[in-house]
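File shown: run.tsv (TSV, C-alpha atoms and all ligand atoms).
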chain	number	residue	atom	x	y	z
A	1	MET	CA	10.49	15.01	-1.44
A	2	THR	CA	9.13	15.77	2.05
A	3	THR	CA	10.42	15.22	5.56
A	4	VAL	CA	7.82	13.81	7.97
A	5	ALA	CA	8.05	16.18	10.93
A	6	ALA	CA	7.52	13.82	13.88
A	7	THR	CA	9.93	11.11	12.75
A	8	GLY	CA	12.40	12.65	10.30
A	9	TRP	CA	11.45	10.05	7.67
A	10	LEU	CA	11.92	11.11	4.09
A	11	LEU	CA	8.82	10.67	1.94
A	12	ARG	CA	9.24	10.41	-1.83
A	13	SER	CA	8.25	8.56	-4.97
A	14	LEU	CA	10.28	5.46	-5.76
A	15	GLU	CA	12.65	5.49	-8.72
A	16	PRO	CA	14.36	2.67	-10.65
A	17	ASP	CA	17.53	3.14	-8.57
A	18	ASP	CA	15.50	2.16	-5.47
A	19	ALA	CA	14.96	-1.34	-6.88
A	20	SER	CA	17.48	-3.13	-4.62
A	21	GLU	CA	16.13	-1.49	-1.47
A	22	LEU	CA	12.57	-2.21	-2.59
A	23	ALA	CA	13.37	-5.88	-3.18
A	24	ARG	CA	15.05	-6.14	0.23
A	25	HIS	CA	12.07	-4.48	1.92
A	26	LEU	CA	9.50	-6.65	0.14
A	27	ARG	CA	11.41	-9.87	0.88
A	28	LEU	CA	11.48	-8.95	4.57
A	29	VAL	CA	7.75	-8.25	4.73
A	30	ALA	CA	6.78	-11.12	2.39
A	31	ALA	CA	8.38	-13.58	4.82
A	32	GLU	CA	5.55	-12.78	7.26
A	33	GLY	CA	2.99	-14.16	4.81
A	34	TRP	CA	0.62	-11.18	4.63
A	35	ILE	CA	1.26	-9.83	1.15
A	36	GLY	CA	0.82	-12.92	-1.00
A	37	LEU	CA	4.35	-12.90	-2.43
A	38	GLU	CA	7.05	-15.55	-2.11
A	39	PRO	CA	10.24	-13.86	-0.80
A	40	GLU	CA	12.47	-15.83	-3.18
A	41	ALA	CA	10.41	-14.63	-6.17
A	42	ILE	CA	11.19	-10.98	-5.40
A	43	THR	CA	14.26	-9.75	-7.28
A	44	ALA	CA	15.90	-6.36	-7.67
A	45	ALA	CA	15.79	-6.81	-11.45
A	46	GLY	CA	12.05	-7.48	-11.36
A	47	GLN	CA	11.38	-4.48	-9.13
A	48	ARG	CA	13.57	-2.30	-11.34
A	49	GLN	CA	11.59	-3.31	-14.40
A	50	SER	CA	8.31	-2.51	-12.61
A	51	LEU	CA	9.60	0.92	-11.57
A	52	ILE	CA	10.94	1.70	-15.05
A	53	SER	CA	7.64	0.80	-16.71
A	54	MET	CA	5.52	2.69	-14.20
A	55	ASP	CA	3.27	5.27	-15.90
A	56	PRO	CA	2.53	7.99	-13.30
A	57	THR	CA	-1.00	8.44	-14.66
A	58	ARG	CA	-1.69	4.76	-14.01
A	59	ALA	CA	0.34	3.88	-10.94
A	60	ALA	CA	2.20	5.36	-8.01
A	61	ALA	CA	4.86	3.96	-5.69
A	62	VAL	CA	5.86	5.97	-2.65
A	63	GLY	CA	8.26	5.17	0.15
A	64	LEU	CA	9.54	6.33	3.51
A	65	PHE	CA	13.28	6.31	4.09
A	66	THR	CA	15.54	6.59	7.11
A	67	GLY	CA	18.82	7.52	5.47
A	68	THR	CA	19.12	5.11	2.56
A	69	ARG	CA	16.92	2.44	4.14
A	70	LEU	CA	13.44	2.02	2.71
A	71	ILE	CA	11.26	1.30	5.73
A	72	ALA	CA	7.77	1.53	4.23
A	73	VAL	CA	6.22	1.31	0.78
A	74	ALA	CA	2.79	1.89	-0.70
A	75	VAL	CA	1.66	1.36	-4.26
A	76	ALA	CA	-1.49	2.19	-6.17
A	77	VAL	CA	-2.41	0.71	-9.54
A	78	ARG	CA	-5.25	2.17	-11.51
A	79	GLY	CA	-7.96	0.02	-13.07
A	80	SER	CA	-8.84	0.17	-16.75
A	81	GLY	CA	-12.08	0.50	-18.74
A	82	PRO	CA	-15.02	0.77	-16.34
A	83	LEU	CA	-12.55	0.57	-13.43
A	84	ALA	CA	-10.46	3.56	-14.56
A	85	HIS	CA	-11.80	5.71	-11.73
A	86	THR	CA	-10.49	3.16	-9.20
A	87	ALA	CA	-7.06	2.10	-8.00
A	88	THR	CA	-5.93	-0.84	-5.90
A	89	VAL	CA	-3.54	0.01	-3.10
A	90	ALA	CA	-1.12	-2.04	-1.01
A	91	VAL	CA	1.17	-0.97	1.79
A	92	SER	CA	3.93	-2.52	3.88
A	93	VAL	CA	6.04	-1.30	6.77
A	94	GLU	CA	9.12	-2.96	8.25
A	95	PRO	CA	8.28	-4.58	11.59
A	96	ALA	CA	10.68	-2.33	13.55
A	97	HIS	CA	8.90	0.82	12.35
A	98	ARG	CA	5.26	-0.15	12.85
A	99	ARG	CA	2.67	1.80	14.86
A	100	HIS	CA	4.30	5.17	14.10
A	101	HIS	CA	1.82	6.08	11.34
A	102	ALA	CA	4.08	5.16	8.43
A	103	ALA	CA	1.29	3.32	6.63
A	104	ARG	CA	-1.22	6.07	7.32
A	105	THR	CA	1.20	8.68	5.96
A	106	LEU	CA	1.75	6.71	2.74
A	107	LEU	CA	-1.95	6.02	2.21
A	108	GLN	CA	-2.61	9.75	2.54
A	109	GLU	CA	0.06	10.42	-0.07
A	110	LEU	CA	-1.62	7.96	-2.45
A	111	GLU	CA	-4.91	9.81	-1.96
A	112	HIS	CA	-3.25	13.01	-3.22
A	113	TRP	CA	-1.96	11.14	-6.27
A	114	ALA	CA	-5.41	9.60	-6.83
A	115	VAL	CA	-7.37	12.84	-6.80
A	116	HIS	CA	-4.75	14.47	-9.03
A	117	GLN	CA	-5.23	11.61	-11.53
A	118	ARG	CA	-9.05	11.73	-11.22
A	119	VAL	CA	-9.12	8.40	-9.42
A	120	TYR	CA	-12.00	8.53	-6.98
A	121	LYS	CA	-12.13	5.12	-5.41
A	122	LEU	CA	-9.30	3.29	-3.63
A	123	CYS	CA	-9.60	-0.45	-3.05
A	124	ALA	CA	-7.58	-2.86	-0.93
A	125	SER	CA	-7.55	-6.60	-0.38
A	126	VAL	CA	-6.26	-8.12	2.85
A	127	LEU	CA	-6.22	-11.57	4.40
A	128	GLY	CA	-9.03	-12.23	6.84
A	129	ASP	CA	-6.73	-12.86	9.77
A	130	ASN	CA	-4.58	-9.79	9.09
A	131	ARG	CA	-5.93	-7.76	12.00
A	132	ALA	CA	-3.33	-4.97	11.65
A	133	ALA	CA	-4.23	-4.31	8.01
A	134	ARG	CA	-7.97	-4.46	8.69
A	135	ALA	CA	-7.54	-1.96	11.53
A	136	LEU	CA	-5.35	0.26	9.35
A	137	PHE	CA	-7.79	0.52	6.46
A	138	THR	CA	-10.72	1.06	8.80
A	139	ARG	CA	-8.79	3.79	10.64
A	140	CYS	CA	-7.96	5.43	7.30
A	141	GLY	CA	-11.63	5.72	6.34
A	142	TYR	CA	-12.03	2.64	4.14
A	143	GLN	CA	-15.20	0.62	4.45
A	144	GLN	CA	-15.30	-3.14	4.49
A	145	GLU	CA	-17.10	-4.10	1.28
A	146	GLY	CA	-16.87	-7.85	1.30
A	147	TRP	CA	-15.53	-10.94	2.99
A	148	ARG	CA	-14.75	-13.77	0.59
A	149	ARG	CA	-14.32	-17.04	2.42
A	150	ALA	CA	-11.49	-19.41	1.42
A	151	GLN	CA	-10.75	-17.16	-1.56
A	152	LEU	CA	-6.95	-17.29	-1.73
A	153	ALA	CA	-4.69	-20.35	-1.78
A	154	LEU	CA	-1.77	-18.99	0.24
A	155	ASN	CA	0.53	-19.99	3.09
A	156	GLY	CA	-0.38	-23.66	2.74
A	157	GLY	CA	-4.15	-23.23	3.00
A	158	TRP	CA	-7.25	-21.42	1.77
A	159	GLN	CA	-7.40	-17.93	3.23
A	160	ASP	CA	-10.31	-15.54	3.56
A	161	GLU	CA	-9.97	-12.28	1.61
A	162	VAL	CA	-11.44	-9.04	2.94
A	163	LEU	CA	-12.18	-6.22	0.49
A	164	PHE	CA	-11.98	-2.58	1.52
A	165	GLY	CA	-12.94	0.54	-0.43
A	166	LYS	CA	-12.79	4.28	0.09
A	167	LEU	CA	-14.59	6.87	-2.01
A	168	LEU	CA	-12.67	10.11	-2.44
A	169	THR	CA	-14.25	13.50	-2.89
A	170	PRO	CA	-13.66	15.16	-6.27
A	171	PRO	CA	-12.35	18.73	-6.05
A	172	ALA	CA	-15.05	21.43	-5.88
A	173	GLY	CA	-16.75	21.72	-9.26
A	174	GLY	CA	-15.30	18.38	-10.40
A	175	THR	CA	-17.47	15.52	-11.59
A	176	LEU	CA	-17.15	11.76	-11.44
A	177	GLU	CA	-16.49	10.23	-14.85
B	1	LIG	C1	-0.62	-3.23	8.26
B	1	LIG	C2	0.62	-2.35	8.32
B	1	LIG	C3	0.91	-1.82	6.92
B	1	LIG	C4	0.38	-1.18	9.30
B	1	LIG	O1	1.50	-0.31	9.24
B	1	LIG	P1	1.79	0.75	10.43
B	1	LIG	O2	2.75	1.76	9.92
B	1	LIG	O3	2.15	0.02	11.66
B	1	LIG	O4	0.35	1.41	10.62
B	1	LIG	P2	0.08	2.88	11.22
B	1	LIG	O5	1.03	3.13	12.34
B	1	LIG	O6	0.04	3.86	10.12
B	1	LIG	O7	-1.39	2.64	11.82
B	1	LIG	C5	-2.47	3.53	11.56
B	1	LIG	C6	-3.64	3.00	12.35
B	1	LIG	O8	-3.99	1.68	11.91
B	1	LIG	C7	-4.38	0.89	13.06
B	1	LIG	N1	-3.40	-0.20	13.24
B	1	LIG	C8	-2.26	-0.38	12.55
B	1	LIG	N2	-1.63	-1.50	12.99
B	1	LIG	C9	-2.40	-2.00	13.98
B	1	LIG	C10	-2.27	-3.13	14.82
B	1	LIG	N3	-1.21	-3.98	14.73
B	1	LIG	N4	-3.24	-3.37	15.73
B	1	LIG	C11	-4.29	-2.54	15.84
B	1	LIG	N5	-4.47	-1.42	15.08
B	1	LIG	C12	-3.52	-1.17	14.14
B	1	LIG	C13	-4.38	1.84	14.24
B	1	LIG	O9	-5.67	2.43	14.32
B	1	LIG	C14	-3.36	2.86	13.83
B	1	LIG	O10	-3.55	4.13	14.42
B	1	LIG	P3	-3.06	4.36	15.95
B	1	LIG	O11	-1.69	3.79	16.08
B	1	LIG	O12	-3.09	5.87	16.08
B	1	LIG	O13	-4.06	3.64	16.81
B	1	LIG	C15	1.86	-3.16	8.84
B	1	LIG	O14	1.47	-3.87	10.02
B	1	LIG	C16	2.40	-4.13	7.82
B	1	LIG	O15	3.28	-3.77	7.03
B	1	LIG	N6	1.90	-5.38	7.81
B	1	LIG	C17	2.38	-6.36	6.82
B	1	LIG	C18	1.95	-6.01	5.40
B	1	LIG	C19	0.44	-5.89	5.29
B	1	LIG	O16	-0.30	-6.59	5.97
B	1	LIG	N7	-0.01	-5.00	4.40
B	1	LIG	C20	-1.44	-4.78	4.20
B	1	LIG	C21	-1.95	-5.55	3.05
B	1	LIG	S1	-2.01	-4.50	1.62

Serialized structure, structure tokens:
Amino acid sequence: MTTVAATGWLLRSLEPDDASELARHLRLVAAEGWIGLEPEAITAAGQRQSLISMDPTRAAAVGLFTGTRLIAVAVAVRGSGPLAHTATVAVSVEPAHRRHHAARTLLQELEHWAVHQRVYKLCASVLGDNRAARALFTRCGYQQEGWRRAQLALNGGWQDEVLFGKLLTPPAGGTLE
């Protein structure tokens, strides 16, 4: 557990007991239409099950709290087989707390997890018209790797999907596998 100096936010991994807060947070952000989830499909029980079954070598979920309120979340899920050196990340921040580097802080935390787990590529998928997310990933050192037109049937239409990727540096003496 760490306190983020500038803001006083508490940074820590999510645990099963955070399920209700996580569901509340995700429902709030999902209502904006950027994360591809229907708010009514997000339940505390479902989030609890995901957190219980989370294997720390394969996935990470980190959050920022003000008191007991979960204001930002980021998750990484590792690929398997030939994708085992990669993980897909997603991040969300409550509207009232945006533009204070919450997302950047959480993405940095996921990079620490990734290198520790010998994951050397982080990938993200965002909607084409999600300017904030595109700016975020670019600012955090991800490169745009693809733009798939009309790829996702979401929000009552076909949406473009933009793919981002970031290669991480293995520790000195380490090798890519
Ligand atoms: C995208 C999102 C996660 C950004 O969260 P945030 O905490 O506001 O982002 P940060 O403050 O860490 O921003 C880091 C950098 O990203 C860029 N950025 C972030 N939001 C931006 C915006 N709305 N407009 C322009 N640039 C933006 C900036 O370069 C910013 O650095 P700066 O403020 O020093 O200029 C947030 O808007 C959000 O939750 N959106 C809905 C969910 C979503 O789209 N998730 C991404 C899909 S996985």

Quick one: contact table of chain A to ligand LIG 1 (chain B), 10 Å max, nearest atom pair and distance in Å to one decimal per residue, counting all atoms listed in the file, chain and number order, as a tab-separated table?
residue	atom	partner	partner_atom	distance
A:Leu26	CA	B:LIG1	C18	9.2
A:Leu28	CA	B:LIG1	C17	9.7
A:Val29	CA	B:LIG1	C17	6.1
A:Ala30	CA	B:LIG1	C18	7.6
A:Ala31	CA	B:LIG1	C17	9.6
A:Glu32	CA	B:LIG1	C17	7.2
A:Gly33	CA	B:LIG1	C17	8.1
A:Trp34	CA	B:LIG1	O16	4.9
A:Ile35	CA	B:LIG1	C21	5.7
A:Gly36	CA	B:LIG1	C21	8.9
A:Ile71	CA	B:LIG1	O2	9.5
A:Ala72	CA	B:LIG1	O15	7.5
A:Val73	CA	B:LIG1	O15	8.6
A:Ala74	CA	B:LIG1	S1	8.3
A:Val75	CA	B:LIG1	S1	9.1
A:Thr88	CA	B:LIG1	S1	9.2
A:Val89	CA	B:LIG1	S1	6.7
A:Ala90	CA	B:LIG1	S1	3.7
A:Val91	CA	B:LIG1	S1	4.8
A:Ser92	CA	B:LIG1	O15	3.5
A:Val93	CA	B:LIG1	O15	3.7
A:Glu94	CA	B:LIG1	O15	6.0
A:Pro95	CA	B:LIG1	O15	6.8
A:Ala96	CA	B:LIG1	O3	9.0
A:His97	CA	B:LIG1	O2	6.7
A:Arg98	CA	B:LIG1	O3	3.3
A:Arg99	CA	B:LIG1	O5	3.3
A:His100	CA	B:LIG1	O5	4.2
A:His101	CA	B:LIG1	O6	3.1
A:Ala102	CA	B:LIG1	O2	3.9
A:Ala103	CA	B:LIG1	O6	3.7
A:Arg104	CA	B:LIG1	O6	3.8
A:Thr105	CA	B:LIG1	O6	6.5
A:Leu106	CA	B:LIG1	O6	8.1
A:Leu107	CA	B:LIG1	O6	8.4
A:Gln108	CA	B:LIG1	O6	10.0
A:Cys123	CA	B:LIG1	S1	9.8
A:Ala124	CA	B:LIG1	S1	6.3
A:Ser125	CA	B:LIG1	S1	6.3
A:Val126	CA	B:LIG1	C21	5.0
A:Leu127	CA	B:LIG1	C21	7.5
A:Asp129	CA	B:LIG1	O16	9.8
A:Asn130	CA	B:LIG1	O16	6.2
A:Arg131	CA	B:LIG1	N4	6.4
A:Ala132	CA	B:LIG1	C10	3.8
A:Ala133	CA	B:LIG1	C1	3.8
A:Arg134	CA	B:LIG1	C1	7.5
A:Ala135	CA	B:LIG1	C7	4.5
A:Leu136	CA	B:LIG1	O8	3.2
A:Phe137	CA	B:LIG1	O8	6.7
A:Thr138	CA	B:LIG1	O8	7.4
A:Arg139	CA	B:LIG1	O9	5.0
A:Cys140	CA	B:LIG1	C6	7.1

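Nearest residue to Arg58 in chain A, choosing from A:Met1, A:Ser13, A:Gly128, A:Ala87 and counting all atoms listed in the file: A:Ala87.
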
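Between CA of Pro56 in chain A and CA of Leu10 in chain A the separation is 20.0 Å.
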
Inset, instruction - Give me, please, the distance in Å between CA of Tyr142 in chain A and CA of Leu167 in chain A, quoted to one decimal. - result: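 Going from CA of Tyr142 in chain A over to CA of Leu167 in chain A covers 7.9 Å.
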
Legend entry - Contact residues around Leu11 in chain A with only C-alpha atoms at 6 Å, ignoring same-chain residues under 5 positions, as a list in words: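 Everything that qualifies: Met1, Thr2, Gly63 and Leu64 of chain A.
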
Inset, instruction - Would you mind reading off the distance between CA of Ala45 in chain A and CA of Asp18 in chain A, one decimal, in Å? - result: 10.8 Å

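The smallest atom-to-atom distance between Val62 in chain A and any of A:His85, A:Arg48, A:Arg78, A:Arg12, using all atoms listed in the file, is found for A:Arg12.
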
Inset, instruction - May I ask which of the residues A:Glu21, A:Leu122, A:Thr7, A:Ile42 is the closest one to Val77 in chain A, counting all atoms listed in the file? - result: A:Leu122

Inset, instruction - May I ask which of the residues A:Arg27, A:Ala19, A:Trp158, A:Phe65 is the closest one to Val4 in chain A, counting all atoms listed in the file? - result: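 Looking only at the distances to Val4 in chain A, the closest residue turns out to be A:Phe65.
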
Legend entry - Residue among A:Arg149, A:Arg24, A:His112, A:Lys121 lying closest to Glu161 in chain A, counting all atoms listed in the file: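 Of A:Arg149, A:Arg24, A:His112, A:Lys121, the one nearest Glu161 in chain A is A:Arg149, counting all atoms listed in the file.
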
Legend entry - Best match for closeness to Leu110 in chain A among A:Thr169, A:Ala76, A:Asn155, A:Leu14, counting only C-alpha atoms: A:Ala76

Write out as AutoDock Vina command-line options an axis-aligned box for range 69-74 of chain A: all of its atoms listed in the file, 4 Å added on each side, centre and edge lengths in Å with one decimal.
--center_x 9.9 --center_y 1.9 --center_z 2.5 --size_x 22.1 --size_y 9.1 --size_z 14.4
